[in-house]
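The next block holds one structure in the form of structure tokens; read it before the comments.
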Amino acid sequence: MGLTGGIATGKSVAAAAFSEQGAFVLDADTLGHELMEPGMAAHGEIRAAFGDGVLSADSRIDRKKLGARIFADPGARQRLNAILHPRILAEVEDRILDFARRFPGGIAVVQAALVVEAGVRSRFDRIVVTHCDPEIQARRLRERDGISREEARRRISAQAEPGKRLAAADHVIDTSGSLDETRARAREVLTVLRREWESLKATH
């Protein structure tokens, strides 16, 4: 299952609720960070593509510096995605296959912001989208990252239109309310997904 949604729309809250209910959750961003560590192939490619200006004093990729570049430049964002996405997808598939061998019938969830943008919708049996009021989204992003209103708008607009994600969704989690309301809705969705999975297995 793919869990996606715009930046600061509550994907992590929903993912945590799924995990608490026994789902196997993989965070594509976390995998991407691991693949950017020194010694990993993506580290060298990112350095070659973006220069030493995106490195910290200890030669690690400085994600804030890199983030500023890619949100300001669509071409830079595409270059980074071309480096990371194939590696992330390969790692996701390896880990899900291992999970499936160890826990037949379990539900695996991949939390990823760019399921729709990256054109990988078909890789998932179901798509769950987190969504909230745009003003709430912008406020959360400003508070979370300590950025200006204009920068928040730019980062949000750099991603797919919400309508495109919602059109691809099998289930939607509205995160406009409280954290408890979001967690409750996530648990409801996981219950439905389990029923759908059991029904699917019964027909095969």
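Labeling convention for the structure tokens: chains A, B, ... as they appear, residues from 1 per chain, ligands from 1 in order of appearance.
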
message = With DSSP run on the backbone, what are the strand (DSSP E or B) residues within segment 23-195 of chain A? I'd like them as number ranges by chain.
response = A: 24-27, 55, 61, 108-111, 127-131, 171-174

Could you list, with a cut-off of 12 Å and counting only C-alpha atoms, the residues of segment 79-158 of chain A near segment 37-60 of chain A, each shown with its nearest atom pair and the distance in Å rounded to one decimal, rows sorted by chain and ascending number, as JSON lines?
```
{"residue": "A:Arg79", "atom": "CA", "partner": "A:Ala49", "partner_atom": "CA", "distance": 7.6}
{"residue": "A:Leu80", "atom": "CA", "partner": "A:Ile46", "partner_atom": "CA", "distance": 7.0}
{"residue": "A:Asn81", "atom": "CA", "partner": "A:Ile46", "partner_atom": "CA", "distance": 10.2}
{"residue": "A:Ala82", "atom": "CA", "partner": "A:Ile46", "partner_atom": "CA", "distance": 10.2}
{"residue": "A:Ile83", "atom": "CA", "partner": "A:Ala42", "partner_atom": "CA", "distance": 6.5}
{"residue": "A:Leu84", "atom": "CA", "partner": "A:Ala42", "partner_atom": "CA", "distance": 6.7}
{"residue": "A:His85", "atom": "CA", "partner": "A:Ala42", "partner_atom": "CA", "distance": 10.3}
{"residue": "A:Pro86", "atom": "CA", "partner": "A:Ala42", "partner_atom": "CA", "distance": 10.5}
{"residue": "A:Arg87", "atom": "CA", "partner": "A:Ala42", "partner_atom": "CA", "distance": 8.2}
{"residue": "A:Ile88", "atom": "CA", "partner": "A:Ala42", "partner_atom": "CA", "distance": 10.3}
```

message = I'd like the contact shell of segment 126-132 of chain A - 10 Å cut-off, only C-alpha atoms, skipping same-chain residues fewer than 3 positions apart - returned as a VMD selection string.
response = chain A and resid 1 to 14 109 to 111 113 115 to 116 121 to 123 135 to 138 162 to 163 165 to 177 182 186 189 to 190 193 196 to 197

request  = Give me the residues within 12 Å of Ala158 of chain A as a ChimeraX atom specification, counting only C-alpha atoms and dropping any in the same chain fewer than 6 places off.
outcome  = /A:6-7,67-68,70-78,113-114,117,151-152

task = To one decimal in Å, tell me the separation between atom CA of Arg139 of chain A and atom CA of Ala112 of chain A.
result =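 Separation of atom CA of Arg139 of chain A and atom CA of Ala112 of chain A: 21.1 Å.
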
note = A straight line from atom CA of Lys64 of chain A to atom CA of Pro134 of chain A spans 23.3 Å

task = Between A:Arg155, A:Arg185, A:Arg195, A:Lys201, single out the one closest to Arg69 of chain A, counting only C-alpha atoms.
result =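 Of all the options, A:Arg155 lies closest to Arg69 of chain A.
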
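The interatomic distance for the pair atom CA of Leu66 of chain A and atom CA of His33 of chain A works out to 11.8 Å.
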
query = What are the DSSP helix (DSSP H, G or I) residues of segment 55-118 of chain A, as JSON, numbers by chain?
reply = {"A": [63, 64, 65, 66, 67, 68, 69, 70, 71, 72, 74, 75, 76, 77, 78, 79, 80, 81, 82, 83, 84, 85, 86, 87, 88, 89, 90, 91, 92, 93, 94, 95, 96, 97, 98, 99, 100, 101, 102]}
